[in-house]
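Notes follow the structure.
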Amino acid sequence: MKNILNKTYILLFAMIALALNSCVEPDDLITSDAKAGGLVDVLSGNIPFKAGTNPTLEISLEIPVGPGIQSIEVSKSFTTVDGKSSNAVVLSNIDISNANEQAIVEKSFTVDYSSLIADLVLEGNPLPPTDAGLSIGDTWTFVYTSIMADGRRVANNGVTNIGIANPYAGKYHRVGHLLHPSAGDLYYDETGLELNTVDASTVKTLCGYWENPAYILTVKVNADNSVTVGGDVGGSEITGIPGKVNAYDPATKTFTLNYTYNGRLFDETMTAE
């Protein structure tokens with residue numbers, strides 16, 4: 001009897017899961033009809049624009065095999081950190097020429113500050129001529145519309161957000177050592193570590209060695225390129241180790257960090273990739 005009941009429950013759960021799946025569109029399928037095509041995979045979702053560095057940013061897209069796409073229209077708009085929005089204008093059109101009917105198509109394009117601000121108007125005024133006039137947290141948003149071979153326009157859910165960040169935000173290679181009070185020496189080496197903007201001189205990331213998203217390390221770069229570390233790990237405050245170096249080298253874009261909490265001692269370097 002127990003085996004029969006178990007099989008009945010399994011069958012019931014399977015039927016429920018199938019019903020739910022039939023009602024839910026995939027997150028990246030943005031047409032009302034799955035046969036309509038026009039899907040675009042936005043590989044560059046969130047990009048920091050490092051204020052004061054005059055960067056050129058690359059945005060990458062991937063178009064799966066499917067119904068022919070003639071081109072992809074890229075539109076842009078701008079939103080301030082306090083929620084004020086600009087107009088939306090077309091940035092560019094990317095030629096596909098139905099190549100996605102035969103194979104996956106990869107496309108990329110670049111933008112700089114002048115192309116980002118062109119033709120955008122905020123409260124009746126153009127955007128500032130340099131990024132010095134913008135605030136940390138201001139953001140451009142790109143949206144993508146596929147122009148199909150049959151003339152239809154298909155909007156995509158995938159967007160690109162380019163946010164004004166401080167010069168220290170971005171991806172880093174971290175190499176570190178943790179002296180743990182009970183486990184002893186623990187070493188770590190990771191690439192693609194995200195340092196995210198907090199304010200004009202502070203970034204945050206995961207506390208070294210741990211992968212818990214609630215364990216946050218903050219790094220503030222001072223005027224003399226010394227660094228103040230902080231953060232929280234399960235309610236325990238992160239502090240610098242007295243007598244040890246915490247500094248930023250702008251020439252190599254490298255942080256040298258020494259910090260501690262609850263008797264755990266960290267020494268590490270983080271170098272911009």
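We label chains A, B, ... in the order they appear in the structure tokens, count residues from 1 in each chain, and number ligands from 1 in the order shown.
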Write out as a VMD selection string which residues come within 7 Å of range 171-186 of chain A when counting only C-alpha atoms, dropping same-chain ones fewer than 5 positions away. chain A and resid 191 to 195 263 to 273
Within 7 Å of Val90 in chain A using only C-alpha atoms, minus same-chain residues under 5 positions, as a ChimeraX atom specification: /A:74-76
Counting only C-alpha atoms, which residues in range 167-234 of chain A sit no more than 10 Å from range 49-52 of chain A? For each one, give the nearest pair of atoms and the distance in Å, sorted by chain then residue number, as a tab-separated table.
```
residue	atom	partner	partner_atom	distance
A:Pro167	CA	A:Lys50	CA	4.7
A:Tyr168	CA	A:Lys50	CA	7.4
A:Ala169	CA	A:Lys50	CA	7.0
A:Gly170	CA	A:Lys50	CA	8.5
A:Thr197	CA	A:Lys50	CA	9.6
A:Ala200	CA	A:Ala51	CA	8.9
```
Selection from above, N, CA and C atoms, as a JSON list (two decimals), in the first residue's frame, can you write it?
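As written to disk, again-v7.json reads:
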```json
[["chain", "number", "residue", "atom", "x", "y", "z"],
["A", 167, "PRO", "N", 36.06, 54.74, -10.18],
["A", 167, "PRO", "CA", 37.14, 54.16, -11.00],
["A", 167, "PRO", "C", 37.61, 52.79, -10.55],
["A", 168, "TYR", "N", 37.16, 52.31, -9.39],
["A", 168, "TYR", "CA", 37.67, 51.06, -8.84],
["A", 168, "TYR", "C", 36.74, 49.88, -9.11],
["A", 169, "ALA", "N", 35.55, 50.14, -9.62],
["A", 169, "ALA", "CA", 34.60, 49.07, -9.89],
["A", 169, "ALA", "C", 35.05, 48.23, -11.08],
["A", 170, "GLY", "N", 34.57, 46.99, -11.13],
["A", 170, "GLY", "CA", 34.90, 46.11, -12.25],
["A", 170, "GLY", "C", 35.28, 44.72, -11.80],
["A", 197, "THR", "N", 30.25, 49.34, -7.11],
["A", 197, "THR", "CA", 30.30, 50.69, -6.56],
["A", 197, "THR", "C", 29.35, 50.86, -5.38],
["A", 200, "ALA", "N", 31.53, 57.25, -4.42],
["A", 200, "ALA", "CA", 32.60, 57.72, -5.30],
["A", 200, "ALA", "C", 33.95, 57.12, -4.99]]
```
Taking the chain letters and numbering used in this document, name the residues of range 84-163 of chain A that DSSP puts in alpha helix (DSSP H), as an mmCIF file with N, CA and C atoms, in the first residue's frame.
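Output (selection.cif):
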```cif
data_model
loop_
_atom_site.group_PDB
_atom_site.id
_atom_site.type_symbol
_atom_site.label_atom_id
_atom_site.label_comp_id
_atom_site.auth_asym_id
_atom_site.auth_seq_id
_atom_site.Cartn_x
_atom_site.Cartn_y
_atom_site.Cartn_z
ATOM 1 N N TYR A 113 31.545 57.863 -24.235
ATOM 2 C CA TYR A 113 30.678 58.850 -23.604
ATOM 3 C C TYR A 113 29.929 59.688 -24.630
ATOM 4 N N SER A 114 30.596 60.084 -25.699
ATOM 5 C CA SER A 114 29.933 60.936 -26.685
ATOM 6 C C SER A 114 28.761 60.223 -27.355
ATOM 7 N N SER A 115 28.916 58.938 -27.653
ATOM 8 C CA SER A 115 27.805 58.201 -28.269
ATOM 9 C C SER A 115 26.705 57.892 -27.259
ATOM 10 N N LEU A 116 27.078 57.764 -26.002
ATOM 11 C CA LEU A 116 26.066 57.498 -24.972
ATOM 12 C C LEU A 116 25.146 58.703 -24.754
ATOM 13 N N ILE A 117 25.687 59.913 -24.813
ATOM 14 C CA ILE A 117 24.874 61.096 -24.500
ATOM 15 C C ILE A 117 24.201 61.703 -25.727
#
```
Give me, as a PDB file with N, CA, C and O atoms, in the first residue's frame, all polymer residues having an atom no more than 12 Å from Gly231 in chain A, counting only C-alpha atoms and skipping those fewer than 4 positions away in the same chain.
```
ATOM      1  N   VAL A 198      29.863  51.482  -4.319  1.00  0.00           N
ATOM      2  CA  VAL A 198      29.039  51.916  -3.189  1.00  0.00           C
ATOM      3  C   VAL A 198      28.869  53.427  -3.250  1.00  0.00           C
ATOM      4  O   VAL A 198      27.758  53.951  -3.168  1.00  0.00           O
ATOM      5  N   THR A 202      34.287  54.085  -2.764  1.00  0.00           N
ATOM      6  CA  THR A 202      34.130  52.805  -2.069  1.00  0.00           C
ATOM      7  C   THR A 202      33.526  51.751  -2.977  1.00  0.00           C
ATOM      8  O   THR A 202      32.595  52.037  -3.740  1.00  0.00           O
ATOM      9  N   VAL A 203      34.074  50.532  -2.895  1.00  0.00           N
ATOM     10  CA  VAL A 203      33.507  49.379  -3.582  1.00  0.00           C
ATOM     11  C   VAL A 203      33.240  48.281  -2.552  1.00  0.00           C
ATOM     12  O   VAL A 203      33.753  48.316  -1.433  1.00  0.00           O
ATOM     13  N   LYS A 204      32.442  47.303  -2.960  1.00  0.00           N
ATOM     14  CA  LYS A 204      32.163  46.169  -2.079  1.00  0.00           C
ATOM     15  C   LYS A 204      32.253  44.883  -2.870  1.00  0.00           C
ATOM     16  O   LYS A 204      32.055  44.845  -4.086  1.00  0.00           O
ATOM     17  N   THR A 205      32.565  43.793  -2.160  1.00  0.00           N
ATOM     18  CA  THR A 205      32.657  42.480  -2.778  1.00  0.00           C
ATOM     19  C   THR A 205      32.468  41.427  -1.690  1.00  0.00           C
ATOM     20  O   THR A 205      32.201  41.762  -0.523  1.00  0.00           O
ATOM     21  N   LEU A 206      32.616  40.159  -2.048  1.00  0.00           N
ATOM     22  CA  LEU A 206      32.518  39.101  -1.053  1.00  0.00           C
ATOM     23  C   LEU A 206      33.772  39.082  -0.196  1.00  0.00           C
ATOM     24  O   LEU A 206      34.875  39.328  -0.684  1.00  0.00           O
ATOM     25  N   CYS A 207      33.595  38.771   1.059  1.00  0.00           N
ATOM     26  CA  CYS A 207      34.735  38.617   1.953  1.00  0.00           C
ATOM     27  C   CYS A 207      35.599  37.456   1.476  1.00  0.00           C
ATOM     28  O   CYS A 207      35.085  36.395   1.102  1.00  0.00           O
ATOM     29  N   GLY A 208      36.920  37.649   1.442  1.00  0.00           N
ATOM     30  CA  GLY A 208      37.851  36.667   0.894  1.00  0.00           C
ATOM     31  C   GLY A 208      37.636  35.261   1.411  1.00  0.00           C
ATOM     32  O   GLY A 208      37.312  35.048   2.571  1.00  0.00           O
ATOM     33  N   ALA A 214      26.116  37.085   1.832  1.00  0.00           N
ATOM     34  CA  ALA A 214      25.848  37.970   2.973  1.00  0.00           C
ATOM     35  C   ALA A 214      27.147  38.414   3.653  1.00  0.00           C
ATOM     36  O   ALA A 214      27.121  39.292   4.517  1.00  0.00           O
ATOM     37  N   TYR A 215      28.286  37.823   3.262  1.00  0.00           N
ATOM     38  CA  TYR A 215      29.576  38.176   3.864  1.00  0.00           C
ATOM     39  C   TYR A 215      30.243  39.238   2.984  1.00  0.00           C
ATOM     40  O   TYR A 215      30.856  38.930   1.968  1.00  0.00           O
ATOM     41  N   ILE A 216      30.107  40.482   3.375  1.00  0.00           N
ATOM     42  CA  ILE A 216      30.494  41.600   2.525  1.00  0.00           C
ATOM     43  C   ILE A 216      31.735  42.318   3.052  1.00  0.00           C
ATOM     44  O   ILE A 216      31.817  42.662   4.230  1.00  0.00           O
ATOM     45  N   LEU A 217      32.685  42.524   2.136  1.00  0.00           N
ATOM     46  CA  LEU A 217      33.873  43.322   2.405  1.00  0.00           C
ATOM     47  C   LEU A 217      33.737  44.655   1.682  1.00  0.00           C
ATOM     48  O   LEU A 217      33.409  44.684   0.495  1.00  0.00           O
ATOM     49  N   THR A 218      33.943  45.770   2.376  1.00  0.00           N
ATOM     50  CA  THR A 218      33.963  47.078   1.737  1.00  0.00           C
ATOM     51  C   THR A 218      35.385  47.619   1.730  1.00  0.00           C
ATOM     52  O   THR A 218      36.154  47.396   2.664  1.00  0.00           O
ATOM     53  N   VAL A 219      35.707  48.321   0.639  1.00  0.00           N
ATOM     54  CA  VAL A 219      37.051  48.849   0.441  1.00  0.00           C
ATOM     55  C   VAL A 219      36.929  50.314   0.028  1.00  0.00           C
ATOM     56  O   VAL A 219      36.399  50.609  -1.040  1.00  0.00           O
ATOM     57  N   LYS A 220      37.416  51.209   0.867  1.00  0.00           N
ATOM     58  CA  LYS A 220      37.358  52.643   0.588  1.00  0.00           C
ATOM     59  C   LYS A 220      38.756  53.159   0.294  1.00  0.00           C
ATOM     60  O   LYS A 220      39.688  52.977   1.097  1.00  0.00           O
ATOM     61  N   GLY A 235      27.319  39.434  11.331  1.00  0.00           N
ATOM     62  CA  GLY A 235      27.232  40.309  12.494  1.00  0.00           C
ATOM     63  C   GLY A 235      28.566  40.695  13.084  1.00  0.00           C
ATOM     64  O   GLY A 235      28.630  41.513  14.005  1.00  0.00           O
ATOM     65  N   SER A 236      29.657  40.134  12.556  1.00  0.00           N
ATOM     66  CA  SER A 236      30.999  40.474  13.031  1.00  0.00           C
ATOM     67  C   SER A 236      31.627  41.509  12.104  1.00  0.00           C
ATOM     68  O   SER A 236      31.622  41.347  10.881  1.00  0.00           O
ATOM     69  N   GLU A 237      32.186  42.564  12.680  1.00  0.00           N
ATOM     70  CA  GLU A 237      32.753  43.658  11.896  1.00  0.00           C
ATOM     71  C   GLU A 237      34.128  43.287  11.347  1.00  0.00           C
ATOM     72  O   GLU A 237      34.955  42.700  12.041  1.00  0.00           O
ATOM     73  N   ILE A 238      34.361  43.639  10.085  1.00  0.00           N
ATOM     74  CA  ILE A 238      35.677  43.480   9.466  1.00  0.00           C
ATOM     75  C   ILE A 238      36.486  44.740   9.733  1.00  0.00           C
ATOM     76  O   ILE A 238      35.997  45.856   9.544  1.00  0.00           O
ATOM     77  N   THR A 239      37.733  44.575  10.169  1.00  0.00           N
ATOM     78  CA  THR A 239      38.616  45.714  10.415  1.00  0.00           C
ATOM     79  C   THR A 239      39.989  45.434   9.826  1.00  0.00           C
ATOM     80  O   THR A 239      40.339  44.282   9.536  1.00  0.00           O
ATOM     81  N   GLY A 240      40.771  46.489   9.645  1.00  0.00           N
ATOM     82  CA  GLY A 240      42.141  46.316   9.212  1.00  0.00           C
ATOM     83  C   GLY A 240      42.993  45.715  10.308  1.00  0.00           C
ATOM     84  O   GLY A 240      42.652  45.786  11.496  1.00  0.00           O
ATOM     85  N   TYR A 259      43.097  42.185   6.558  1.00  0.00           N
ATOM     86  CA  TYR A 259      41.948  42.467   7.414  1.00  0.00           C
ATOM     87  C   TYR A 259      41.595  41.257   8.275  1.00  0.00           C
ATOM     88  O   TYR A 259      42.107  40.144   8.052  1.00  0.00           O
ATOM     89  N   THR A 260      40.701  41.478   9.231  1.00  0.00           N
ATOM     90  CA  THR A 260      40.399  40.425  10.198  1.00  0.00           C
ATOM     91  C   THR A 260      38.976  40.550  10.725  1.00  0.00           C
ATOM     92  O   THR A 260      38.374  41.624  10.678  1.00  0.00           O
ATOM     93  N   TYR A 261      38.450  39.427  11.195  1.00  0.00           N
ATOM     94  CA  TYR A 261      37.233  39.406  12.012  1.00  0.00           C
ATOM     95  C   TYR A 261      37.252  38.090  12.795  1.00  0.00           C
ATOM     96  O   TYR A 261      37.705  37.055  12.285  1.00  0.00           O
TER      97      TYR A 261
END
```
Just want the 8 Å neighbourhood of Asp95 in chain A, counted on only C-alpha atoms, with same-chain residues fewer than 5 positions away dropped. Output as JSON, numbers by chain. {"A": [70, 71, 72]}
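The smallest atom-to-atom distance between Asn93 in chain A and any of A:Ser146, A:Thr141, A:Thr252, A:Asn46, using only C-alpha atoms, is found for A:Ser146.
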